[in-house]
$ cat entry15.tsv   # TSV, C-alpha atoms (C1' of nucleotides)
chain	number	residue	atom	x	y	z
S	215	MET	CA	0.00	0.00	0.00
S	216	PRO	CA	2.06	2.93	-1.28
S	217	GLU	CA	-0.56	5.44	-0.19
S	218	VAL	CA	0.16	4.73	3.42
S	219	VAL	CA	3.88	5.30	2.96
S	220	ALA	CA	3.31	8.52	1.05
S	221	GLN	CA	0.98	9.79	3.72
S	222	GLN	CA	3.34	8.97	6.55
S	223	VAL	CA	6.13	10.75	4.77
S	224	LYS	CA	4.17	13.99	4.62
S	225	SER	CA	5.05	14.65	8.23
S	226	ASP	CA	8.61	15.18	9.41
S	227	VAL	CA	8.24	12.38	11.91
S	228	GLY	CA	7.25	10.01	9.14
S	229	LEU	CA	10.09	11.23	6.94
S	230	ALA	CA	12.67	10.61	9.65
S	231	SER	CA	11.27	7.16	10.35
S	232	ALA	CA	11.19	6.19	6.68
S	233	LEU	CA	14.72	7.44	6.12
S	234	ARG	CA	15.98	5.63	9.21
S	235	SER	CA	14.60	2.25	8.26
S	236	SER	CA	15.50	2.37	4.58
S	237	THR	CA	18.99	3.71	5.26
S	238	LEU	CA	19.76	1.04	7.83
S	239	ARG	CA	18.36	-1.75	5.70
S	240	LEU	CA	20.16	-0.62	2.55
S	241	SER	CA	23.44	-0.16	4.39
S	242	ARG	CA	23.32	-3.72	5.70
S	243	GLN	CA	22.91	-4.98	2.15
S	244	ILE	CA	25.72	-2.79	0.83
S	245	ARG	CA	28.04	-3.93	3.60
S	246	ARG	CA	27.44	-7.53	2.66
S	247	GLN	CA	28.90	-6.90	-0.81
S	248	ARG	CA	32.66	-7.31	-0.72
S	249	VAL	CA	35.44	-9.14	-2.48
S	250	GLU	CA	35.56	-12.79	-1.54
S	251	GLY	CA	38.52	-14.73	-0.23
S	252	VAL	CA	39.61	-11.88	1.99
S	253	ASP	CA	37.86	-12.21	5.30
S	254	LEU	CA	38.67	-9.51	7.80
S	255	THR	CA	37.28	-8.91	11.26
S	256	ALA	CA	35.05	-5.92	11.90
S	257	ASN	CA	37.88	-4.04	13.57
S	258	GLN	CA	40.29	-4.75	10.74
S	259	LEU	CA	37.72	-3.41	8.30
S	260	GLY	CA	37.33	-0.35	10.50
S	261	VAL	CA	41.06	0.31	10.54
S	262	LEU	CA	41.19	-0.17	6.78
S	263	GLY	CA	38.41	2.36	6.30
S	264	ALA	CA	39.88	4.87	8.74
S	265	LEU	CA	43.29	4.73	7.09
S	266	GLY	CA	41.63	5.00	3.69
S	267	LYS	CA	40.23	8.35	4.77
S	268	HIS	CA	42.98	9.80	6.94
S	269	ASP	CA	45.95	8.29	5.14
S	270	ALA	CA	48.22	7.97	8.20
S	271	MET	CA	47.25	7.54	11.85
S	272	THR	CA	49.01	6.62	15.07
S	273	ILE	CA	48.15	3.57	17.15
S	274	GLY	CA	46.46	5.80	19.72
S	275	GLU	CA	44.37	7.60	17.13
S	276	LEU	CA	43.28	4.30	15.60
S	277	ALA	CA	42.39	2.90	19.03
S	278	ALA	CA	40.25	5.95	19.83
S	279	HIS	CA	38.62	5.86	16.41
S	280	GLU	CA	37.73	2.16	16.62
S	281	GLN	CA	36.83	2.39	20.29
S	282	VAL	CA	39.27	-0.24	21.50
S	283	LYS	CA	42.11	0.05	24.01
S	284	PRO	CA	45.68	0.71	22.83
S	285	PRO	CA	46.93	-2.84	23.61
S	286	SER	CA	44.17	-4.27	21.43
S	287	MET	CA	45.06	-1.92	18.59
S	288	THR	CA	48.70	-2.96	18.88
S	289	ARG	CA	47.58	-6.51	18.26
S	290	ILE	CA	45.15	-5.64	15.46
S	291	VAL	CA	47.82	-3.65	13.64
S	292	SER	CA	50.35	-6.45	14.12
S	293	ASN	CA	47.96	-8.96	12.56
S	294	MET	CA	47.23	-6.63	9.65
S	295	GLU	CA	50.96	-6.03	9.21
S	296	GLU	CA	51.52	-9.78	8.94
S	297	ALA	CA	48.71	-9.94	6.39
S	298	GLY	CA	50.48	-7.25	4.36
S	299	LEU	CA	47.70	-4.69	4.74
S	300	VAL	CA	49.45	-1.98	6.78
S	301	ALA	CA	52.97	-0.80	7.54
S	302	ARG	CA	54.39	0.82	10.68
S	303	ARG	CA	56.85	3.71	10.57
S	304	PRO	CA	58.22	6.01	13.28
S	305	HIS	CA	56.60	9.38	13.82
S	306	ASP	CA	58.49	12.27	12.25
S	307	THR	CA	59.07	14.28	15.42
S	308	ASP	CA	57.76	12.27	18.40
S	309	LYS	CA	59.72	9.06	18.73
S	310	ARG	CA	57.19	7.56	21.13
S	311	GLN	CA	54.51	7.39	18.49
S	312	ILE	CA	54.06	4.90	15.66
S	313	VAL	CA	52.43	5.91	12.38
S	314	VAL	CA	50.37	3.31	10.54
S	315	GLU	CA	49.78	3.46	6.78
S	316	LEU	CA	48.03	1.32	4.20
S	317	THR	CA	50.05	-0.82	1.79
S	318	GLU	CA	49.42	-0.83	-1.94
S	319	SER	CA	47.49	-4.10	-1.71
S	320	ALA	CA	45.24	-2.62	0.99
S	321	HIS	CA	44.49	0.36	-1.23
S	322	ALA	CA	43.68	-2.06	-4.04
S	323	LEU	CA	41.39	-4.05	-1.73
S	324	LEU	CA	39.52	-0.92	-0.65
S	325	HIS	CA	39.12	0.12	-4.27
S	326	ALA	CA	37.88	-3.32	-5.30
S	327	ASN	CA	35.37	-3.37	-2.45
S	328	ARG	CA	34.03	0.02	-3.41
S	329	ARG	CA	33.71	-1.01	-7.06
S	330	ARG	CA	31.91	-4.21	-6.19
S	331	ARG	CA	29.40	-2.34	-4.05
S	332	ASP	CA	28.79	0.24	-6.74
S	333	GLU	CA	28.24	-2.46	-9.35
S	334	TRP	CA	25.78	-4.21	-7.04
S	335	LEU	CA	23.91	-0.96	-6.44
S	336	GLN	CA	23.82	-0.21	-10.15
S	337	THR	CA	22.06	-3.46	-10.92
S	338	LYS	CA	19.52	-2.63	-8.22
S	339	LEU	CA	19.01	0.85	-9.65
S	340	LYS	CA	18.36	-0.61	-13.10
S	341	LYS	CA	15.29	-2.34	-11.73
S	342	LEU	CA	13.69	0.99	-10.79
S	343	THR	CA	11.64	3.05	-13.24
S	344	PRO	CA	13.33	6.00	-14.99
S	345	GLU	CA	11.14	8.35	-12.92
S	346	GLU	CA	12.31	6.76	-9.69
S	347	ARG	CA	15.93	7.06	-10.77
S	348	ASP	CA	15.34	10.74	-11.52
S	349	ILE	CA	14.01	11.25	-8.02
S	350	LEU	CA	17.08	9.56	-6.54
S	351	ARG	CA	19.39	11.64	-8.74
S	352	LYS	CA	17.89	14.77	-7.23
S	353	ALA	CA	17.97	13.32	-3.73
S	354	ALA	CA	21.58	12.12	-3.83
S	355	PRO	CA	23.18	15.54	-3.18
S	356	VAL	CA	20.73	16.16	-0.33
S	357	LEU	CA	21.53	12.81	1.23
S	358	GLU	CA	25.23	13.58	0.95
S	359	ARG	CA	24.67	16.89	2.71
S	360	LEU	CA	22.62	15.14	5.39
S	361	ALA	CA	25.34	12.55	5.95
S	362	ALA	CA	28.16	15.08	5.86
S	363	THR	CA	27.16	17.17	8.85
J	294	MET	CA	31.60	22.39	-5.25
J	295	PRO	CA	28.01	21.23	-5.72
J	296	GLU	CA	28.33	21.31	-9.52
J	297	VAL	CA	30.76	18.43	-9.44
J	298	VAL	CA	28.39	16.35	-7.35
J	299	ALA	CA	25.42	17.15	-9.57
J	300	GLN	CA	27.37	16.23	-12.66
J	301	GLN	CA	28.61	12.95	-11.25
J	302	VAL	CA	25.10	12.01	-10.29
J	303	LYS	CA	23.89	12.38	-13.86
J	304	SER	CA	25.43	9.02	-14.70
J	305	ASP	CA	24.22	5.79	-13.11
J	306	VAL	CA	27.73	5.02	-11.94
J	307	GLY	CA	27.87	8.35	-10.12
J	308	LEU	CA	24.42	7.81	-8.64
J	309	ALA	CA	25.37	4.41	-7.26
J	310	SER	CA	28.60	5.77	-5.80
J	311	ALA	CA	26.89	8.77	-4.22
J	312	LEU	CA	24.14	6.60	-2.74
J	313	ARG	CA	26.67	4.10	-1.42
J	314	SER	CA	28.80	6.62	0.41
J	315	SER	CA	25.96	8.72	1.84
J	316	THR	CA	23.96	5.65	2.90
J	317	LEU	CA	26.92	4.08	4.68
J	318	ARG	CA	27.94	7.31	6.37
J	319	LEU	CA	24.41	8.15	7.48
J	320	SER	CA	23.78	4.64	8.76
J	321	ARG	CA	26.89	4.78	10.95
J	322	GLN	CA	25.61	7.98	12.52
J	323	ILE	CA	22.13	6.58	13.04
J	324	ARG	CA	23.51	3.43	14.63
J	325	ARG	CA	25.45	5.52	17.12
J	326	GLN	CA	22.19	6.98	18.49
J	327	ARG	CA	20.81	4.70	21.15
J	328	VAL	CA	19.59	4.75	24.70
J	329	GLU	CA	22.42	4.98	27.18
J	330	GLY	CA	23.11	2.70	30.10
J	331	VAL	CA	22.17	-0.38	28.11
J	332	ASP	CA	25.24	-1.69	26.37
J	333	LEU	CA	24.67	-4.77	24.28
J	334	THR	CA	27.07	-6.63	22.01
J	335	ALA	CA	26.61	-6.51	18.25
J	336	ASN	CA	25.13	-10.00	18.24
J	337	GLN	CA	22.71	-9.21	21.04
J	338	LEU	CA	21.55	-6.18	19.10
J	339	GLY	CA	21.15	-8.36	16.03
J	340	VAL	CA	19.01	-10.87	17.92
J	341	LEU	CA	16.94	-8.04	19.36
J	342	GLY	CA	16.32	-6.63	15.89
J	343	ALA	CA	15.55	-10.00	14.34
J	344	LEU	CA	13.03	-10.86	17.05
J	345	GLY	CA	11.55	-7.39	16.73
J	346	LYS	CA	10.72	-8.19	13.14
J	347	HIS	CA	9.84	-11.88	13.23
J	348	ASP	CA	8.30	-12.00	16.68
J	349	ALA	CA	9.33	-15.58	17.52
J	350	MET	CA	12.30	-17.54	16.22
J	351	THR	CA	14.03	-20.81	17.11
J	352	ILE	CA	17.66	-21.01	18.20
J	353	GLY	CA	18.60	-22.45	14.82
J	354	GLU	CA	16.83	-19.70	12.89
J	355	LEU	CA	18.52	-17.03	15.01
J	356	ALA	CA	21.93	-18.67	14.52
J	357	ALA	CA	21.46	-18.73	10.75
J	358	HIS	CA	20.19	-15.15	10.72
J	359	GLU	CA	23.09	-13.80	12.77
J	360	GLN	CA	25.62	-16.02	11.02
J	361	VAL	CA	26.90	-17.76	14.13
J	362	LYS	CA	26.93	-21.46	15.04
J	363	PRO	CA	24.10	-22.94	17.18
J	364	PRO	CA	26.26	-23.37	20.31
J	365	SER	CA	27.13	-19.67	20.19
J	366	MET	CA	23.47	-18.72	19.84
J	367	THR	CA	22.62	-20.91	22.81
J	368	ARG	CA	25.02	-18.83	24.87
J	369	ILE	CA	23.89	-15.47	23.44
J	370	VAL	CA	20.27	-16.31	24.19
J	371	SER	CA	21.16	-17.50	27.69
J	372	ASN	CA	22.92	-14.21	28.43
J	373	MET	CA	19.99	-12.22	27.08
J	374	GLU	CA	17.62	-14.36	29.11
J	375	GLU	CA	19.57	-13.51	32.27
J	376	ALA	CA	19.41	-9.85	31.30
J	377	GLY	CA	15.63	-10.15	31.02
J	378	LEU	CA	15.52	-9.37	27.30
J	379	VAL	CA	14.24	-12.67	25.91
J	380	ALA	CA	12.32	-15.73	27.08
J	381	ARG	CA	12.54	-19.35	25.95
J	382	ARG	CA	9.49	-21.53	25.45
J	383	PRO	CA	9.05	-24.97	23.90
J	384	HIS	CA	7.95	-25.27	20.29
J	385	ASP	CA	4.26	-26.06	19.85
J	386	THR	CA	4.63	-29.28	17.87
J	387	ASP	CA	8.35	-30.16	17.71
J	388	LYS	CA	9.70	-30.79	21.18
J	389	ARG	CA	13.31	-30.60	19.99
J	390	GLN	CA	13.06	-26.93	19.12
J	391	ILE	CA	13.14	-23.90	21.40
J	392	VAL	CA	11.24	-20.73	20.55
J	393	VAL	CA	12.74	-17.42	21.63
J	394	GLU	CA	10.62	-14.31	22.18
J	395	LEU	CA	11.22	-10.75	23.32
J	396	THR	CA	10.17	-9.67	26.78
J	397	GLU	CA	8.20	-6.52	27.42
J	398	SER	CA	11.31	-4.62	28.49
J	399	ALA	CA	13.08	-5.62	25.27
J	400	HIS	CA	10.13	-4.30	23.25
J	401	ALA	CA	10.34	-1.08	25.23
J	402	LEU	CA	14.08	-0.85	24.58
J	403	LEU	CA	13.62	-1.34	20.83
J	404	HIS	CA	10.91	1.28	20.80
J	405	ALA	CA	13.04	3.75	22.77
J	406	ASN	CA	16.00	3.21	20.45
J	407	ARG	CA	13.85	3.81	17.39
J	408	ARG	CA	12.40	6.96	18.90
J	409	ARG	CA	15.77	8.32	19.82
J	410	ARG	CA	17.09	7.75	16.31
J	411	ASP	CA	14.06	9.37	14.75
J	412	GLU	CA	14.36	12.40	17.00
J	413	TRP	CA	18.01	12.73	16.11
J	414	LEU	CA	17.21	12.49	12.41
J	415	GLN	CA	14.43	15.05	12.75
J	416	THR	CA	16.79	17.65	14.19
J	417	LYS	CA	19.13	16.99	11.27
J	418	LEU	CA	16.27	17.36	8.79
J	419	LYS	CA	15.29	20.69	10.32
J	420	LYS	CA	18.65	22.08	9.26
J	421	LEU	CA	17.87	21.44	5.59
J	422	THR	CA	15.95	23.88	3.41
J	423	PRO	CA	12.22	23.25	2.79
J	424	GLU	CA	13.06	22.41	-0.83
J	425	GLU	CA	15.59	19.80	0.24
J	426	ARG	CA	13.07	18.25	2.62
J	427	ASP	CA	10.57	18.09	-0.25
J	428	ILE	CA	13.08	16.24	-2.36
J	429	LEU	CA	13.67	13.74	0.44
J	430	ARG	CA	9.93	13.29	0.97
J	431	LYS	CA	9.63	12.22	-2.66
J	432	ALA	CA	12.73	10.05	-2.43
J	433	ALA	CA	11.77	8.22	0.76
J	434	PRO	CA	9.35	5.75	-0.86
J	435	VAL	CA	11.87	5.04	-3.62
J	436	LEU	CA	14.60	4.36	-1.07
J	437	GLU	CA	12.25	2.04	0.78
J	438	ARG	CA	11.56	0.17	-2.44
J	439	LEU	CA	15.29	-0.01	-3.15
J	440	ALA	CA	16.03	-1.35	0.32
J	441	ALA	CA	13.12	-3.77	0.29
J	442	THR	CA	14.20	-5.94	-2.62
E	22	DT	C1'	56.39	13.51	35.81
E	23	DA	C1'	53.27	12.46	31.84
E	24	DT	C1'	52.49	10.12	27.58
E	25	DT	C1'	52.85	6.43	23.77
E	26	DG	C1'	53.18	1.96	22.71
E	27	DT	C1'	54.18	-2.84	24.10
E	28	DT	C1'	54.14	-7.15	26.99
E	29	DA	C1'	51.90	-10.28	30.51
E	30	DT	C1'	47.83	-12.15	32.17
E	31	DA	C1'	42.83	-12.96	32.77
E	32	DC	C1'	38.31	-12.89	30.79
E	33	DT	C1'	34.82	-13.16	27.16
E	34	DC	C1'	33.09	-14.86	22.96
E	35	DT	C1'	32.97	-18.16	19.22
E	36	DA	C1'	33.78	-22.66	16.87
E	37	DT	C1'	34.39	-27.79	16.65
E	38	DA	C1'	33.30	-32.14	18.61
E	39	DA	C1'	30.67	-34.99	21.53
E	40	DC	C1'	26.24	-35.81	23.86
E	41	DT	C1'	21.00	-35.87	24.84
E	42	DA	C1'	16.32	-35.73	23.47
E	43	DT	C1'	13.01	-35.92	19.92
E	44	DA	C1'	11.35	-36.73	14.92
W	102	DT	C1'	18.86	-42.53	11.14
W	103	DA	C1'	18.55	-37.46	11.11
W	104	DT	C1'	17.78	-33.13	13.45
W	105	DA	C1'	17.63	-29.34	17.37
W	106	DG	C1'	19.74	-27.83	21.13
W	107	DT	C1'	23.16	-28.18	24.82
W	108	DT	C1'	27.71	-29.16	27.08
W	109	DA	C1'	32.90	-29.57	26.95
W	110	DT	C1'	37.03	-27.93	25.29
W	111	DA	C1'	40.17	-25.14	22.53
W	112	DG	C1'	41.26	-20.91	19.99
W	113	DA	C1'	40.90	-15.92	18.84
W	114	DG	C1'	40.17	-11.29	20.55
W	115	DT	C1'	39.84	-7.71	24.07
W	116	DA	C1'	40.78	-5.39	28.55
W	117	DT	C1'	43.48	-4.28	32.80
W	118	DA	C1'	47.91	-3.86	34.86
W	119	DA	C1'	52.75	-3.44	34.59
W	120	DC	C1'	56.70	-1.96	31.88
W	121	DA	C1'	60.07	0.55	28.54
W	122	DA	C1'	61.10	4.52	25.87
W	123	DT	C1'	60.52	9.22	24.99
W	124	DA	C1'	58.60	14.09	25.85

$ encode --input "entry15.tsv" --output "C-alpha cells"
Amino acid sequence: MPEVVAQQVKSDVGLASALRSSTLRLSRQIRRQRVEGVDLTANQLGVLGALGKHDAMTIGELAAHEQVKPPSMTRIVSNMEEAGLVARRPHDTDKRQIVVELTESAHALLHANRRRRDEWLQTKLKKLTPEERDILRKAAPVLERLAAT
Amino acid sequence: MPEVVAQQVKSDVGLASALRSSTLRLSRQIRRQRVEGVDLTANQLGVLGALGKHDAMTIGELAAHEQVKPPSMTRIVSNMEEAGLVARRPHDTDKRQIVVELTESAHALLHANRRRRDEWLQTKLKKLTPEERDILRKAAPVLERLAAT
DNA sequence: TATTGTTATACTCTATAACTATA
DNA sequence: TATAGTTATAGAGTATAACAATA
C-alpha cells in the first residue's frame, strides 16, 4: 500500500522514520557486498576504512577511532601487518609514536570493495523506473549533505 | 563544489557511488544513536532486531540469521535471558526446538531506540531547506523500495 | 612527571566435537 | 537414522595492569 507510505512521509516524523529504516536496511545490504577470499574482522575493516580516509594515523588515534584500548590496537595492527595490509613507521618528530599506513594491496582491496558495491547498487538501480531514478538523482546531493554534517 | 556532485550524479555510476557513500555514512551515525546505560554486544543487538521483526524464532533460525553457530546462539540467548531481554518456550509441535521471544522490556528498549534515532534524524532534517526536505519526501518511498528488494 | 606503545595475564566470545532428546 | 539444542574444550580477541622509551 504505497498510499500509506506517502501519507506517513508527509510529516517530518514520518520522513525521519522512513529514512531511518531504509537507510539502515540498505546499508546492511551494501556492507554484505565485498570481495571474496579476503575475510577480515570488523575491527580490521574499520582500521582499513579509517586509514583509507585519513591516510596515516598513530596507534592511539586508531584505538580511539575504533573504540578499542591501545593494547588491542597494537595486536590488530600487528595482525594486519603480517597480512600485508598496513605498515608501521616512526613518527616524524615524536619518537614515542608509531604511524600506521596502508600498503598498496590494501588500497587495491579498498578500491575493489568500493567497485563491487557500486556495481551491485547499479544493478539494483536498473530495476527501478526512470522516474524513480530521476528522483534519486535529485535526492543524492541532499543525502550527501545530510550525511556530511 | 556542488556542480561536481550534480554532474557525477547524472550518470548511473555516479548515482550508485553517491548513494553508497551517503547511505553508509548516514547509517553509521544513526547506529550511534541509542539509549544509554544499556550496552549490548553486536550479536545481542542483532538478535533483538531479528526478534523485533519476526516475533518468535528458534535457536537455529537465530543462529542462521546472525551467522553464528548454534552453540554460540545458545550462549547469546542464555545471556539475554539472564538480562531479562528474551524468554525461551518450547515449540508447539516439535519438542526438539526452542522458541525465543522478546520480553516486554526488550520491546520497550527497541521502541526507545527507534524513537531516539528518529528524534536525532528530525533535528538533522530541520537544518535542511524546505526544498531539500521536499526532495527527500519524494525520495523516501523510492529508497524504501530499493532497500526492500 | 606524563604520555605512547608494548608485553603479561585474565576474561569473554565463538567454533568444533561430543552428547542428549526428539522426529 | 537425522535433526535441534546443549555441554565440553580449545582458539581468537579484548581489557586491565605493569613496563620501557621518549617528551

$ closest_atom_pairs --input "entry15.tsv" --of "chain S" --to "chain W" --cutoff "7 Å" --atoms "all atoms listed in the file" --output "tab-separated table"
residue	atom	partner	partner_atom	distance
S:Ser286	CA	W:DT115	C1'	6.1
S:Lys309	CA	W:DT123	C1'	6.3
S:Arg310	CA	W:DT123	C1'	5.4

$ calpha_fit_and_write --input "entry15.tsv" --fixed "chain J" --moving "chain S" --output "CSV table (one decimal) with C-alpha atoms, in the coordinates of the input"
chain,number,residue,atom,x,y,z
S,215,MET,CA,31.8,22.3,-5.2
S,216,PRO,CA,28.2,21.1,-5.7
S,217,GLU,CA,28.5,21.3,-9.4
S,218,VAL,CA,30.8,18.3,-9.4
S,219,VAL,CA,28.5,16.2,-7.3
S,220,ALA,CA,25.5,17.1,-9.5
S,221,GLN,CA,27.5,16.2,-12.6
S,222,GLN,CA,28.6,12.9,-11.3
S,223,VAL,CA,25.1,12.0,-10.3
S,224,LYS,CA,23.9,12.5,-13.9
S,225,SER,CA,25.3,9.1,-14.8
S,226,ASP,CA,24.0,5.9,-13.2
S,227,VAL,CA,27.5,5.0,-12.0
S,228,GLY,CA,27.8,8.3,-10.2
S,229,LEU,CA,24.3,7.8,-8.7
S,230,ALA,CA,25.2,4.4,-7.4
S,231,SER,CA,28.4,5.7,-5.9
S,232,ALA,CA,26.8,8.7,-4.3
S,233,LEU,CA,24.0,6.6,-2.8
S,234,ARG,CA,26.5,4.1,-1.5
S,235,SER,CA,28.7,6.5,0.3
S,236,SER,CA,25.9,8.7,1.8
S,237,THR,CA,23.9,5.6,2.8
S,238,LEU,CA,26.8,4.0,4.6
S,239,ARG,CA,27.9,7.2,6.3
S,240,LEU,CA,24.4,8.1,7.4
S,241,SER,CA,23.7,4.6,8.7
S,242,ARG,CA,26.8,4.7,10.9
S,243,GLN,CA,25.6,7.9,12.4
S,244,ILE,CA,22.1,6.5,13.0
S,245,ARG,CA,23.4,3.4,14.6
S,246,ARG,CA,25.4,5.4,17.0
S,247,GLN,CA,22.2,6.9,18.4
S,248,ARG,CA,20.7,4.6,21.1
S,249,VAL,CA,19.5,4.7,24.6
S,250,GLU,CA,22.3,5.0,27.1
S,251,GLY,CA,23.0,2.7,30.1
S,252,VAL,CA,22.1,-0.4,28.1
S,253,ASP,CA,25.1,-1.7,26.4
S,254,LEU,CA,24.6,-4.8,24.3
S,255,THR,CA,27.0,-6.6,22.0
S,256,ALA,CA,26.6,-6.5,18.3
S,257,ASN,CA,25.1,-10.0,18.3
S,258,GLN,CA,22.7,-9.2,21.1
S,259,LEU,CA,21.5,-6.2,19.1
S,260,GLY,CA,21.1,-8.4,16.0
S,261,VAL,CA,19.0,-10.9,17.9
S,262,LEU,CA,16.9,-8.1,19.3
S,263,GLY,CA,16.3,-6.7,15.9
S,264,ALA,CA,15.6,-10.1,14.3
S,265,LEU,CA,13.0,-11.0,17.0
S,266,GLY,CA,11.5,-7.5,16.7
S,267,LYS,CA,10.7,-8.3,13.1
S,268,HIS,CA,9.9,-12.0,13.2
S,269,ASP,CA,8.3,-12.1,16.6
S,270,ALA,CA,9.4,-15.7,17.5
S,271,MET,CA,12.4,-17.7,16.3
S,272,THR,CA,14.1,-20.9,17.2
S,273,ILE,CA,17.8,-21.1,18.3
S,274,GLY,CA,18.7,-22.5,15.0
S,275,GLU,CA,17.0,-19.8,13.0
S,276,LEU,CA,18.6,-17.1,15.1
S,277,ALA,CA,22.0,-18.7,14.7
S,278,ALA,CA,21.6,-18.8,10.9
S,279,HIS,CA,20.3,-15.3,10.8
S,280,GLU,CA,23.2,-13.9,12.9
S,281,GLN,CA,25.7,-16.1,11.2
S,282,VAL,CA,27.0,-17.8,14.3
S,283,LYS,CA,27.0,-21.5,15.3
S,284,PRO,CA,24.2,-23.0,17.3
S,285,PRO,CA,26.4,-23.3,20.5
S,286,SER,CA,27.2,-19.6,20.4
S,287,MET,CA,23.5,-18.7,20.0
S,288,THR,CA,22.7,-20.9,23.0
S,289,ARG,CA,25.1,-18.8,25.0
S,290,ILE,CA,23.9,-15.5,23.6
S,291,VAL,CA,20.3,-16.3,24.3
S,292,SER,CA,21.2,-17.5,27.8
S,293,ASN,CA,22.9,-14.2,28.5
S,294,MET,CA,20.0,-12.2,27.1
S,295,GLU,CA,17.6,-14.3,29.2
S,296,GLU,CA,19.5,-13.4,32.3
S,297,ALA,CA,19.3,-9.8,31.3
S,298,GLY,CA,15.5,-10.1,31.0
S,299,LEU,CA,15.5,-9.4,27.3
S,300,VAL,CA,14.2,-12.7,25.9
S,301,ALA,CA,12.3,-15.8,27.1
S,302,ARG,CA,12.6,-19.4,26.0
S,303,ARG,CA,9.5,-21.6,25.5
S,304,PRO,CA,9.1,-25.1,24.0
S,305,HIS,CA,8.1,-25.4,20.3
S,306,ASP,CA,4.4,-26.2,19.8
S,307,THR,CA,4.8,-29.4,17.9
S,308,ASP,CA,8.6,-30.3,17.8
S,309,LYS,CA,9.9,-30.9,21.3
S,310,ARG,CA,13.5,-30.7,20.1
S,311,GLN,CA,13.2,-27.0,19.2
S,312,ILE,CA,13.2,-24.0,21.5
S,313,VAL,CA,11.3,-20.8,20.6
S,314,VAL,CA,12.8,-17.5,21.6
S,315,GLU,CA,10.6,-14.4,22.1
S,316,LEU,CA,11.2,-10.8,23.3
S,317,THR,CA,10.1,-9.7,26.7
S,318,GLU,CA,8.1,-6.6,27.3
S,319,SER,CA,11.2,-4.6,28.4
S,320,ALA,CA,13.0,-5.7,25.2
S,321,HIS,CA,10.1,-4.4,23.1
S,322,ALA,CA,10.2,-1.1,25.1
S,323,LEU,CA,14.0,-0.9,24.5
S,324,LEU,CA,13.5,-1.4,20.8
S,325,HIS,CA,10.8,1.3,20.7
S,326,ALA,CA,12.9,3.7,22.7
S,327,ASN,CA,15.9,3.2,20.4
S,328,ARG,CA,13.8,3.8,17.3
S,329,ARG,CA,12.3,7.0,18.8
S,330,ARG,CA,15.7,8.3,19.8
S,331,ARG,CA,17.0,7.8,16.3
S,332,ASP,CA,14.0,9.4,14.7
S,333,GLU,CA,14.4,12.4,17.0
S,334,TRP,CA,18.1,12.7,16.1
S,335,LEU,CA,17.2,12.5,12.4
S,336,GLN,CA,14.5,15.1,12.8
S,337,THR,CA,16.9,17.7,14.2
S,338,LYS,CA,19.2,17.0,11.3
S,339,LEU,CA,16.4,17.4,8.8
S,340,LYS,CA,15.5,20.8,10.4
S,341,LYS,CA,18.8,22.1,9.3
S,342,LEU,CA,18.1,21.5,5.6
S,343,THR,CA,16.2,24.0,3.5
S,344,PRO,CA,12.5,23.5,2.9
S,345,GLU,CA,13.3,22.7,-0.8
S,346,GLU,CA,15.8,20.0,0.3
S,347,ARG,CA,13.2,18.5,2.6
S,348,ASP,CA,10.7,18.4,-0.2
S,349,ILE,CA,13.2,16.5,-2.4
S,350,LEU,CA,13.7,13.9,0.4
S,351,ARG,CA,10.0,13.6,1.0
S,352,LYS,CA,9.6,12.5,-2.7
S,353,ALA,CA,12.7,10.3,-2.5
S,354,ALA,CA,11.7,8.5,0.7
S,355,PRO,CA,9.2,6.1,-0.9
S,356,VAL,CA,11.7,5.3,-3.7
S,357,LEU,CA,14.4,4.6,-1.1
S,358,GLU,CA,12.1,2.3,0.7
S,359,ARG,CA,11.3,0.4,-2.5
S,360,LEU,CA,15.1,0.2,-3.2
S,361,ALA,CA,15.8,-1.2,0.2
S,362,ALA,CA,12.8,-3.5,0.2
S,363,THR,CA,13.8,-5.7,-2.7

$ axis_aligned_box --input "entry15.tsv" --around "segment 311-314 of chain J" --padding-each-side "8 Å" --output "JSON"
{"center_x": 26.5, "center_y": 6.4, "center_z": -1.9, "size_x": 20.7, "size_y": 20.7, "size_z": 20.6}

$ interface_residues --input "entry15.tsv" --of "chain J" --to "chain S" --cutoff "9 Å" --atoms "all atoms listed in the file" --output "PyMOL selection string"
chain J and resi 295+298-299+302-324+407-408+410-415+417-421+425-426+428-442

$ interface_residues --input "entry15.tsv" --of "chain J" --to "chain E" --cutoff "10 Å" --atoms "only C-alpha atoms (C1' of nucleotides)" --output "ChimeraX atom specification"
/J:361-366,368-369,387-390

$ write_last_selection --input "entry15.tsv" --atoms "C-alpha atoms" --output "compact mmCIF listing (two decimals), in the frame of the given file"
# COMPACT_ATOMS: atom_id res chain seq x y z
CA VAL J 361 26.90 -17.76 14.13
CA LYS J 362 26.93 -21.46 15.04
CA PRO J 363 24.10 -22.94 17.18
CA PRO J 364 26.26 -23.37 20.31
CA SER J 365 27.13 -19.67 20.19
CA MET J 366 23.47 -18.72 19.84
CA ARG J 368 25.02 -18.83 24.87
CA ILE J 369 23.89 -15.47 23.44
CA ASP J 387 8.35 -30.16 17.71
CA LYS J 388 9.70 -30.79 21.18
CA ARG J 389 13.31 -30.60 19.99
CA GLN J 390 13.06 -26.93 19.12

$ atom_distance --input "entry15.tsv" --atom1 "atom CA of Val379 of chain J" --atom2 "atom CA of Arg246 of chain S"
27.2 Å

$ atom_distance --input "entry15.tsv" --atom1 "atom CA of Thr255 of chain S" --atom2 "atom CA of Leu316 of chain S"
16.4 Å

$ atom_distance --input "entry15.tsv" --atom1 "atom CA of Arg303 of chain S" --atom2 "atom CA of Arg248 of chain S"
28.9 Å

$ residues_around --input "entry15.tsv" --residues "Leu254 of chain S" --least-positions-apart "5" --cutoff "12 Å" --atoms "all atoms listed in the file" --output "ChimeraX atom specification"
/S:248-249,259-263,290,293-294,297,299,320,323
